[in-house]
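What follows is structure.pdb (PDB, C-alpha atoms).
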MODEL        1
ATOM      1  CA  MET A   1      68.197 134.004 144.253
ATOM      2  CA  MET A   2      66.200 130.864 145.031
ATOM      3  CA  ARG A   3      63.567 131.684 142.462
ATOM      4  CA  THR A   4      65.833 132.911 139.682
ATOM      5  CA  LEU A   5      68.317 130.012 139.710
ATOM      6  CA  PRO A   6      66.274 127.101 138.286
ATOM      7  CA  LEU A   7      65.286 128.783 135.020
ATOM      8  CA  PRO A   8      68.774 129.738 133.767
ATOM      9  CA  GLY A   9      70.044 126.417 135.092
ATOM     10  CA  PHE A  10      67.430 124.561 133.093
ATOM     11  CA  ALA A  11      68.113 126.689 130.023
ATOM     12  CA  LEU A  12      71.833 125.919 130.288
ATOM     13  CA  LEU A  13      71.231 122.180 130.533
ATOM     14  CA  THR A  14      68.835 122.290 127.576
ATOM     15  CA  ALA A  15      71.387 124.204 125.526
ATOM     16  CA  LEU A  16      74.099 121.657 126.380
ATOM     17  CA  PHE A  17      71.782 118.819 125.488
ATOM     18  CA  GLY A  18      70.882 120.461 122.164
ATOM     19  CA  PHE A  19      74.536 121.057 121.403
ATOM     20  CA  GLY A  20      75.282 117.392 122.077
ATOM     21  CA  ILE A  21      72.586 116.243 119.675
ATOM     22  CA  ARG A  22      73.701 118.682 116.980
ATOM     23  CA  TRP A  23      77.348 117.759 117.396
ATOM     24  CA  ASN A  24      76.660 114.054 117.097
ATOM     25  CA  SER A  25      74.504 114.455 114.024
ATOM     26  CA  HIS A  26      77.290 116.356 112.246
ATOM     27  CA  HIS A  27      80.276 114.365 113.451
ATOM     28  CA  ASP A  28      80.815 110.688 113.002
ATOM     29  CA  PRO A  29      82.167 109.418 116.319
ATOM     30  CA  HIS A  30      83.866 106.666 114.322
ATOM     31  CA  GLU A  31      86.026 109.212 112.568
ATOM     32  CA  VAL A  32      89.086 109.626 114.709
ATOM     33  CA  PRO A  33      91.434 112.434 113.653
ATOM     34  CA  SER A  34      94.732 110.929 112.598
ATOM     35  CA  PRO A  35      97.787 111.967 114.591
ATOM     36  CA  LEU A  36      99.789 111.356 111.407
ATOM     37  CA  ILE A  37      98.620 114.481 109.584
ATOM     38  CA  ASP A  38     101.626 116.699 108.764
ATOM     39  CA  LYS A  39     103.966 113.938 109.873
ATOM     40  CA  PRO A  40     106.187 111.849 107.572
ATOM     41  CA  ALA A  41     104.356 108.860 106.160
ATOM     42  CA  PRO A  42     105.636 105.656 107.753
ATOM     43  CA  ALA A  43     108.319 103.844 105.797
ATOM     44  CA  PHE A  44     106.836 100.995 103.813
ATOM     45  CA  VAL A  45     108.154  98.269 101.557
ATOM     46  CA  LEU A  46     105.288  96.230 100.164
ATOM     47  CA  PRO A  47     104.985  93.733  97.317
ATOM     48  CA  ARG A  48     103.072  94.695  94.200
ATOM     49  CA  LEU A  49      99.848  92.866  93.477
ATOM     50  CA  ASP A  50     100.656  92.246  89.816
ATOM     51  CA  HIS A  51     104.334  91.358  90.389
ATOM     52  CA  PRO A  52     104.674  89.972  93.929
ATOM     53  CA  GLY A  53     108.431  89.616  93.349
ATOM     54  CA  GLN A  54     108.765  93.390  93.041
ATOM     55  CA  SER A  55     108.013  95.788  95.815
ATOM     56  CA  LEU A  56     107.214  99.444  96.143
ATOM     57  CA  ASP A  57     108.813 101.482  98.883
ATOM     58  CA  LYS A  58     108.356 104.959 100.256
ATOM     59  CA  THR A  59     111.688 106.362  99.026
ATOM     60  CA  SER A  60     110.919 105.456  95.415
ATOM     61  CA  MET A  61     107.715 107.520  95.674
ATOM     62  CA  LEU A  62     109.454 110.677  96.922
ATOM     63  CA  GLY A  63     109.445 113.712  94.670
ATOM     64  CA  ARG A  64     105.765 113.858  93.758
ATOM     65  CA  PRO A  65     102.501 113.804  95.640
ATOM     66  CA  TYR A  66     100.360 110.677  95.548
ATOM     67  CA  LEU A  67      97.212 109.256  97.054
ATOM     68  CA  VAL A  68      97.233 105.998  98.978
ATOM     69  CA  ASN A  69      93.814 104.362  98.969
ATOM     70  CA  VAL A  70      93.325 101.475 101.394
ATOM     71  CA  PHE A  71      90.901  98.927  99.947
ATOM     72  CA  ALA A  72      90.002  95.254 100.113
ATOM     73  CA  SER A  73      87.771  92.942  98.139
ATOM     74  CA  TRP A  74      85.920  92.030 101.367
ATOM     75  CA  CYS A  75      85.173  95.673 102.136
ATOM     76  CA  ILE A  76      81.640  96.674 101.172
ATOM     77  CA  ALA A  77      82.184 100.426 101.507
ATOM     78  CA  CYS A  78      85.153 100.087  99.125
ATOM     79  CA  GLY A  79      82.710  98.838  96.501
ATOM     80  CA  GLU A  80      80.652 101.976  97.035
ATOM     81  CA  GLU A  81      83.712 104.151  96.658
ATOM     82  CA  HIS A  82      85.084 102.332  93.640
ATOM     83  CA  PRO A  83      83.053 103.982  90.848
ATOM     84  CA  VAL A  84      84.034 107.391  92.247
ATOM     85  CA  LEU A  85      87.712 106.488  92.039
ATOM     86  CA  MET A  86      87.169 105.169  88.501
ATOM     87  CA  THR A  87      85.879 108.562  87.357
ATOM     88  CA  ALA A  88      86.859 111.482  89.615
ATOM     89  CA  GLY A  89      89.819 109.684  91.170
ATOM     90  CA  ARG A  90      91.531 109.215  87.835
ATOM     91  CA  LYS A  91      91.259 112.906  87.027
ATOM     92  CA  LEU A  92      93.156 114.077  90.107
ATOM     93  CA  GLY A  93      96.445 114.298  88.221
ATOM     94  CA  ILE A  94      98.463 112.446  90.869
ATOM     95  CA  PRO A  95      99.344 108.739  91.074
ATOM     96  CA  LEU A  96      96.751 106.595  92.830
ATOM     97  CA  ILE A  97      98.328 103.868  94.899
ATOM     98  CA  GLY A  98      95.953 101.059  95.804
ATOM     99  CA  TYR A  99      96.756  99.620  99.214
ATOM    100  CA  ASN A 100      95.262  96.163  99.311
ATOM    101  CA  TYR A 101      94.588  95.575 103.001
ATOM    102  CA  LYS A 102      94.412  92.120 104.586
ATOM    103  CA  ASP A 103      93.155  90.570 101.408
ATOM    104  CA  ASP A 104      93.732  87.447  99.413
ATOM    105  CA  PRO A 105      95.782  88.496  96.331
ATOM    106  CA  SER A 106      93.762  86.369  93.920
ATOM    107  CA  GLU A 107      90.495  87.761  95.265
ATOM    108  CA  ALA A 108      91.872  91.294  95.022
ATOM    109  CA  LYS A 109      92.865  90.678  91.394
ATOM    110  CA  ALA A 110      89.438  89.265  90.589
ATOM    111  CA  TRP A 111      87.773  92.237  92.282
ATOM    112  CA  LEU A 112      89.807  94.730  90.237
ATOM    113  CA  ALA A 113      89.145  92.768  87.049
ATOM    114  CA  ARG A 114      85.410  92.849  87.760
ATOM    115  CA  HIS A 115      85.074  96.501  88.803
ATOM    116  CA  GLY A 116      87.970  98.074  86.907
ATOM    117  CA  ASN A 117      91.350  99.213  88.148
ATOM    118  CA  PRO A 118      91.673 102.928  88.919
ATOM    119  CA  TYR A 119      95.139 102.556  90.458
ATOM    120  CA  ASP A 120      98.531 103.292  88.946
ATOM    121  CA  GLN A 121     100.079 100.726  91.281
ATOM    122  CA  VAL A 122      98.612  98.280  93.751
ATOM    123  CA  ILE A 123     100.589  97.135  96.761
ATOM    124  CA  THR A 124      99.556  94.354  99.119
ATOM    125  CA  ASP A 125      99.676  94.151 102.888
ATOM    126  CA  ARG A 126      98.262  90.768 103.656
ATOM    127  CA  SER A 127      99.225  90.681 107.325
ATOM    128  CA  GLY A 128      98.198  94.282 107.983
ATOM    129  CA  ARG A 129     101.472  95.019 109.809
ATOM    130  CA  THR A 130     102.350  98.129 107.819
ATOM    131  CA  ALA A 131      98.738  99.309 108.022
ATOM    132  CA  ILE A 132      99.159  99.606 111.799
ATOM    133  CA  ASP A 133     101.972 102.112 111.157
ATOM    134  CA  PHE A 134      99.536 104.097 109.018
ATOM    135  CA  GLY A 135      96.932 103.958 111.788
ATOM    136  CA  VAL A 136      94.472 102.179 109.508
ATOM    137  CA  TYR A 137      91.433 100.880 111.361
ATOM    138  CA  GLY A 138      88.897 100.378 108.634
ATOM    139  CA  ALA A 139      88.836 100.371 104.881
ATOM    140  CA  PRO A 140      88.424 102.464 102.872
ATOM    141  CA  GLU A 141      90.879 105.067 104.082
ATOM    142  CA  SER A 142      92.888 107.465 101.948
ATOM    143  CA  PHE A 143      96.110 109.339 102.605
ATOM    144  CA  LEU A 144      97.413 112.230 100.550
ATOM    145  CA  VAL A 145     101.213 112.199 100.709
ATOM    146  CA  ASP A 146     103.190 115.201  99.443
ATOM    147  CA  ALA A 147     106.415 115.234  97.412
ATOM    148  CA  GLY A 148     108.448 115.253 100.636
ATOM    149  CA  GLY A 149     106.756 112.097 101.878
ATOM    150  CA  VAL A 150     104.601 113.873 104.474
ATOM    151  CA  ILE A 151     100.949 112.910 105.025
ATOM    152  CA  ARG A 152      98.921 116.050 104.382
ATOM    153  CA  TYR A 153      95.360 114.843 104.396
ATOM    154  CA  LYS A 154      93.466 111.761 105.430
ATOM    155  CA  HIS A 155      89.965 110.647 104.708
ATOM    156  CA  ILE A 156      88.289 107.816 106.562
ATOM    157  CA  GLY A 157      85.418 106.100 104.793
ATOM    158  CA  PRO A 158      84.409 106.105 101.155
ATOM    159  CA  PHE A 159      85.099 109.115  98.958
ATOM    160  CA  THR A 160      82.144 110.623  97.174
ATOM    161  CA  ALA A 161      82.400 112.826  94.083
ATOM    162  CA  GLU A 162      81.372 115.726  96.315
ATOM    163  CA  LEU A 163      84.087 115.030  98.905
ATOM    164  CA  ILE A 164      86.701 114.818  96.180
ATOM    165  CA  ALA A 165      85.590 118.181  94.817
ATOM    166  CA  THR A 166      85.351 119.945  98.180
ATOM    167  CA  GLU A 167      88.231 118.368 100.137
ATOM    168  CA  LEU A 168      90.683 116.275  98.154
ATOM    169  CA  ALA A 169      91.012 118.371  94.984
ATOM    170  CA  PRO A 170      91.652 121.614  96.965
ATOM    171  CA  ALA A 171      94.244 119.790  99.103
ATOM    172  CA  ILE A 172      96.037 118.625  95.949
ATOM    173  CA  ALA A 173      95.806 122.123  94.449
ATOM    174  CA  ALA A 174      97.393 123.512  97.624
ATOM    175  CA  LEU A 175     100.299 121.067  97.245
ATOM    176  CA  ARG A 176     100.800 122.222  93.654
ATOM    177  CA  ARG A 177     100.963 125.861  94.751
ATOM    178  CA  GLU A 178     103.627 124.964  97.310
ATOM    179  CA  ALA A 179     105.938 123.309  94.804
ATOM    180  CA  PRO A 180     105.551 124.671  91.297
TER     181      PRO A 180
ATOM    182  CA  MET B   1      70.224  71.301 144.825
ATOM    183  CA  THR B   2      73.784  71.544 146.115
ATOM    184  CA  ARG B   3      74.933  69.542 143.129
ATOM    185  CA  LEU B   4      73.311  72.055 140.781
ATOM    186  CA  LEU B   5      74.974  74.858 142.704
ATOM    187  CA  TRP B   6      78.367  73.202 142.364
ATOM    188  CA  CYS B   7      77.790  72.740 138.639
ATOM    189  CA  LEU B   8      76.929  76.408 138.255
ATOM    190  CA  LEU B   9      79.959  77.450 140.258
ATOM    191  CA  ALA B  10      82.232  75.282 138.146
ATOM    192  CA  LEU B  11      80.680  76.737 135.005
ATOM    193  CA  PHE B  12      81.278  80.283 136.208
ATOM    194  CA  ALA B  13      84.879  79.503 137.053
ATOM    195  CA  VAL B  14      85.493  78.011 133.635
ATOM    196  CA  SER B  15      83.738  80.837 131.780
ATOM    197  CA  GLY B  16      85.917  83.422 133.505
ATOM    198  CA  TRP B  17      89.017  81.550 132.502
ATOM    199  CA  ALA B  18      87.705  81.070 128.978
ATOM    200  CA  SER B  19      87.002  84.749 128.349
ATOM    201  CA  ALA B  20      90.575  85.520 129.353
ATOM    202  CA  GLN B  21      92.024  82.786 127.165
ATOM    203  CA  ALA B  22      89.772  81.942 124.285
ATOM    204  CA  ILE B  23      90.025  84.981 122.015
ATOM    205  CA  ASP B  24      93.478  84.044 120.905
ATOM    206  CA  PRO B  25      96.046  82.317 123.002
ATOM    207  CA  LEU B  26      99.467  83.919 122.960
ATOM    208  CA  PRO B  27     102.661  82.162 123.999
ATOM    209  CA  PHE B  28     103.227  83.880 127.335
ATOM    210  CA  LYS B  29     106.441  83.028 129.130
ATOM    211  CA  SER B  30     104.950  83.414 132.582
ATOM    212  CA  ARG B  31     101.748  84.095 134.452
ATOM    213  CA  VAL B  32     103.104  87.541 135.421
ATOM    214  CA  GLU B  33     103.578  88.436 131.769
ATOM    215  CA  GLU B  34     100.061  87.299 130.942
ATOM    216  CA  VAL B  35      98.553  89.347 133.775
ATOM    217  CA  ARG B  36     100.498  92.398 132.598
ATOM    218  CA  PHE B  37      99.265  91.829 129.036
ATOM    219  CA  GLN B  38      95.641  91.499 130.141
ATOM    220  CA  HIS B  39      95.917  94.587 132.333
ATOM    221  CA  LEU B  40      97.443  96.637 129.509
ATOM    222  CA  THR B  41      95.050  95.571 126.771
ATOM    223  CA  LYS B  42      92.060  96.305 129.018
ATOM    224  CA  GLN B  43      93.149  99.963 129.051
ATOM    225  CA  LEU B  44      93.250 100.150 125.262
ATOM    226  CA  ARG B  45      90.292 100.749 123.013
ATOM    227  CA  CYS B  46      89.488  98.732 119.941
ATOM    228  CA  MET B  47      89.228 101.257 117.113
ATOM    229  CA  VAL B  48      86.712  99.212 115.131
ATOM    230  CA  CYS B  49      84.211  98.489 117.889
ATOM    231  CA  GLN B  50      84.763 101.484 120.092
ATOM    232  CA  ASN B  51      82.982 100.212 123.175
ATOM    233  CA  GLU B  52      85.240  97.213 123.489
ATOM    234  CA  SER B  53      88.769  97.053 124.789
ATOM    235  CA  LEU B  54      91.579  95.367 122.901
ATOM    236  CA  ALA B  55      91.421  92.583 125.455
ATOM    237  CA  ASP B  56      87.737  91.846 124.778
ATOM    238  CA  SER B  57      87.354  92.490 121.098
ATOM    239  CA  ASN B  58      87.047  89.853 118.442
ATOM    240  CA  ALA B  59      87.706  92.320 115.629
ATOM    241  CA  GLU B  60      90.483  91.440 113.228
ATOM    242  CA  LEU B  61      92.307  94.706 113.909
ATOM    243  CA  ALA B  62      92.085  94.156 117.672
ATOM    244  CA  ARG B  63      93.720  90.770 117.178
ATOM    245  CA  ASP B  64      96.505  92.348 115.090
ATOM    246  CA  LEU B  65      97.029  95.032 117.723
ATOM    247  CA  ARG B  66      97.103  92.455 120.522
ATOM    248  CA  HIS B  67      99.829  90.669 118.615
ATOM    249  CA  ALA B  68     101.672  93.978 118.151
ATOM    250  CA  VAL B  69     101.419  94.691 121.902
ATOM    251  CA  PHE B  70     102.645  91.185 122.650
ATOM    252  CA  ALA B  71     105.585  91.567 120.241
ATOM    253  CA  LEU B  72     106.531  94.893 121.844
ATOM    254  CA  MET B  73     106.411  93.278 125.286
ATOM    255  CA  GLN B  74     108.755  90.557 124.039
ATOM    256  CA  VAL B  75     111.375  93.113 123.020
ATOM    257  CA  GLY B  76     111.238  94.646 126.483
ATOM    258  CA  LYS B  77     109.113  97.760 125.906
ATOM    259  CA  SER B  78     107.451  99.286 128.959
ATOM    260  CA  ASP B  79     103.695  99.843 129.225
ATOM    261  CA  ALA B  80     104.234 103.575 128.657
ATOM    262  CA  GLN B  81     106.278 102.894 125.519
ATOM    263  CA  ILE B  82     103.619 100.554 124.166
ATOM    264  CA  LYS B  83     100.895 103.125 124.802
ATOM    265  CA  HIS B  84     103.051 105.722 123.069
ATOM    266  CA  TYR B  85     103.470 103.381 120.080
ATOM    267  CA  LEU B  86      99.700 103.117 119.769
ATOM    268  CA  THR B  87      98.816 106.773 120.356
ATOM    269  CA  GLU B  88     101.406 107.776 117.734
ATOM    270  CA  ARG B  89      99.359 105.823 115.200
ATOM    271  CA  TYR B  90      95.799 105.906 116.482
ATOM    272  CA  SER B  91      95.768 109.120 118.598
ATOM    273  CA  ASP B  92      94.812 109.411 122.276
ATOM    274  CA  PHE B  93      91.534 107.803 121.328
ATOM    275  CA  VAL B  94      93.027 104.339 121.851
ATOM    276  CA  LEU B  95      93.417 105.106 125.545
ATOM    277  CA  TYR B  96      90.333 104.705 127.708
ATOM    278  CA  ASP B  97      91.863 107.222 130.110
ATOM    279  CA  PRO B  98      92.718 110.337 128.121
ATOM    280  CA  PRO B  99      95.953 112.040 129.219
ATOM    281  CA  PHE B 100      95.812 115.176 131.335
ATOM    282  CA  ARG B 101      96.759 118.111 129.115
ATOM    283  CA  ARG B 102      95.430 121.486 128.006
ATOM    284  CA  GLY B 103      92.960 120.074 125.491
ATOM    285  CA  THR B 104      91.446 117.693 128.054
ATOM    286  CA  LEU B 105      91.408 120.151 130.955
ATOM    287  CA  LEU B 106      87.645 120.661 130.810
ATOM    288  CA  LEU B 107      87.086 116.923 130.564
ATOM    289  CA  TRP B 108      89.062 116.222 133.732
ATOM    290  CA  LEU B 109      88.193 119.283 135.788
ATOM    291  CA  GLY B 110      84.658 119.869 134.455
ATOM    292  CA  PRO B 111      82.924 117.646 137.042
ATOM    293  CA  ILE B 112      84.820 119.270 139.933
ATOM    294  CA  LEU B 113      84.004 122.686 138.532
ATOM    295  CA  LEU B 114      80.330 121.764 138.283
ATOM    296  CA  LEU B 115      80.371 120.463 141.854
ATOM    297  CA  LEU B 116      81.948 123.676 143.149
ATOM    298  CA  LEU B 117      79.463 125.804 141.214
ATOM    299  CA  THR B 118      76.541 123.823 142.611
ATOM    300  CA  ALA B 119      77.929 124.071 146.122
ATOM    301  CA  ALA B 120      78.373 127.836 145.702
ATOM    302  CA  ALA B 121      74.801 128.176 144.433
ATOM    303  CA  LEU B 122      73.463 126.109 147.337
ATOM    304  CA  ILE B 123      75.368 128.152 149.923
ATOM    305  CA  ALA B 124      74.125 131.370 148.322
ATOM    306  CA  THR B 125      70.489 130.240 148.441
ATOM    307  CA  ASP B 126      70.880 128.915 151.982
ATOM    308  CA  ARG B 127      72.299 132.255 153.159
ATOM    309  CA  GLY B 128      69.213 133.938 151.814
ATOM    310  CA  ARG B 129      67.077 131.533 153.787
ATOM    311  CA  ILE B 130      68.587 131.904 157.282
ATOM    312  CA  PRO B 131      67.162 135.354 158.121
ATOM    313  CA  SER B 132      63.692 134.300 157.079
ATOM    314  CA  ARG B 133      63.955 131.241 159.318
ATOM    315  CA  THR B 134      64.941 133.299 162.356
ATOM    316  CA  GLN B 135      62.208 135.719 161.427
ATOM    317  CA  ALA B 136      59.721 132.889 161.361
ATOM    318  CA  ARG B 137      60.860 131.747 164.779
ATOM    319  CA  GLN B 138      60.420 135.209 166.183
ATOM    320  CA  GLU B 139      56.992 135.453 164.674
ATOM    321  CA  GLU B 140      55.934 132.172 166.175
ATOM    322  CA  PRO B 141      53.103 132.763 168.590
ATOM    323  CA  TRP B 142      53.571 131.415 172.105
TER     324      TRP B 142
ENDMDL
END
Can you dump the structure from the file as structure tokens?
Amino acid sequence: MMRTLPLPGFALLTALFGFGIRWNSHHDPHEVPSPLIDKPAPAFVLPRLDHPGQSLDKTSMLGRPYLVNVFASWCIACGEEHPVLMTAGRKLGIPLIGYNYKDDPSEAKAWLARHGNPYDQVITDRSGRTAIDFGVYGAPESFLVDAGGVIRYKHIGPFTAELIATELAPAIAALRREAP
Amino acid sequence: MTRLLWCLLALFAVSGWASAQAIDPLPFKSRVEEVRFQHLTKQLRCMVCQNESLADSNAELARDLRHAVFALMQVGKSDAQIKHYLTERYSDFVLYDPPFRRGTLLLWLGPILLLLLTAAALIATDRGRIPSRTQARQEEPW
């Protein structure tokens, strides 16, 4: 007993250690799973960037799926993501709603003018109050909302063309199969 | 020398007060309310800089969430209700102490389990040793 215990014990610890390293290299500890998946998207009423007098609310978006993309002109990763939204994002076949997060409206407008505007609508949340309801903690973040107003998928961090092809597009296709 | 000591002491006292106050002063109605706020926000994690609590963090989101916690306190929400408000949006991850439930069973009981296993292993090896010790005593030459 005395002699046989240390070796399996050591092997077990090594295995645990190896697992820890592997796990951390494949999972971003910054990516926290959202508790909002498969729950109704929070109610929002937010002014539009181009017409601040008009606002967009959740009920007016019901009936079709859409993607909410949280971005800001101060957000560097959003700049990385932007070209992907300009190409692959526009081909998704669902409305893209730009969610301008804690940004200065004039800077947001200038940013979109400079890099192009992939969004069908842009809404602004300057105080970030509504973003708390969405559990936003860093831009860019994207929420896929279905026709019933339920959040079905969330991505934290910039989209890449590959991620759109492997995760977002299949999620949208699944929504289409549900409601023909 | 004593003067230097007094200066240092005063500095320490002020720095403690400053770290509790400086981040952003909120209009607390009483000292009790402020203590409750500090206690609560120390138990909550800042999602942006995950090793800092809401109370300590300078991140923009942490500031917004502090204000949200403060606003909820003003409308008479309990600590449990405020924590629920945050976990609904940011998952259990915002709590430094994860709740005790099936998914966190191993996390909470793992150390105890490991302790028991080690104790069992030690007892087992010790049992094996006792006869040899008595044997050794018997074999001891006079």
Chain A residues near chain B (10 Å cut-off, all atoms listed in the file) as an MDAnalysis selection string: chainID A and resid 1:3 5 29:36 42 102 127:129 131:138
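When only C-alpha atoms are used to measure the gap to A:Tyr119, the shortest distance among A:Thr166, A:Ser142, A:Ser106, A:Asn69 belongs to A:Asn69.
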Atomic separation - atom CA of A:Asn24 relative to atom CA of B:Leu117, Å: 27.0 Å
Separation of atom CA of B:Leu95 from atom CA of B:Gln43 in Å: 6.2 Å
Output of the PyMOL selection byres ((chain B and resi 35-38) around 9), listed as a PyMOL selection string: chain B and resi 20+30-34+39-43+55+66+69-70+73+79
What are the centre and the three edge lengths of an axis-aligned box that wraps all atoms of stretch 77-86 of chain B in the file, given that 3 Å is added to every side, written as lines of an AutoDock Vina configuration file and rounded to one decimal in Å?
center_x = 104.4
center_y = 101.7
center_z = 124.5
size_x = 15.4
size_y = 14.0
size_z = 15.5
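Note on the selection: in this file the PyMOL selection byres ((chain A and resi 39) around 9) comes out as Pro35, Leu36, Ile37, Asp38, Pro40, Ala41, Pro42, Gly149, Val150, Ile151 and Arg152 of chain A.
Coordinates place atom CA of A:Asp28 at a distance of 28.4 Å from atom CA of B:Leu113.
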Polymer residues at most 12 Å from A:Lys91, all atoms listed in the file, same-chain spacing of 6 or more positions, as a VMD selection string: chain A and resid 84 to 85 118 to 119 161 164 to 165 168 to 169 172
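In terms of minimum interatomic distance to A:Tyr101, A:Pro140 ranks closest within A:Gly20, A:Gly148, A:Pro158, A:Pro140, counting all atoms listed in the file.
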Picked residues, the PyMOL selection byres ((chain A and resi 105) around 10), expected as a list in words: Arg48, Leu49, Asp50, Pro52, Ala72, Ser73, Asn100, Tyr101, Lys102, Asp103, Asp104, Ser106, Glu107, Ala108, Lys109, Ala110, Trp111, Ile123, Thr124, Asp125 and Arg126 of chain A
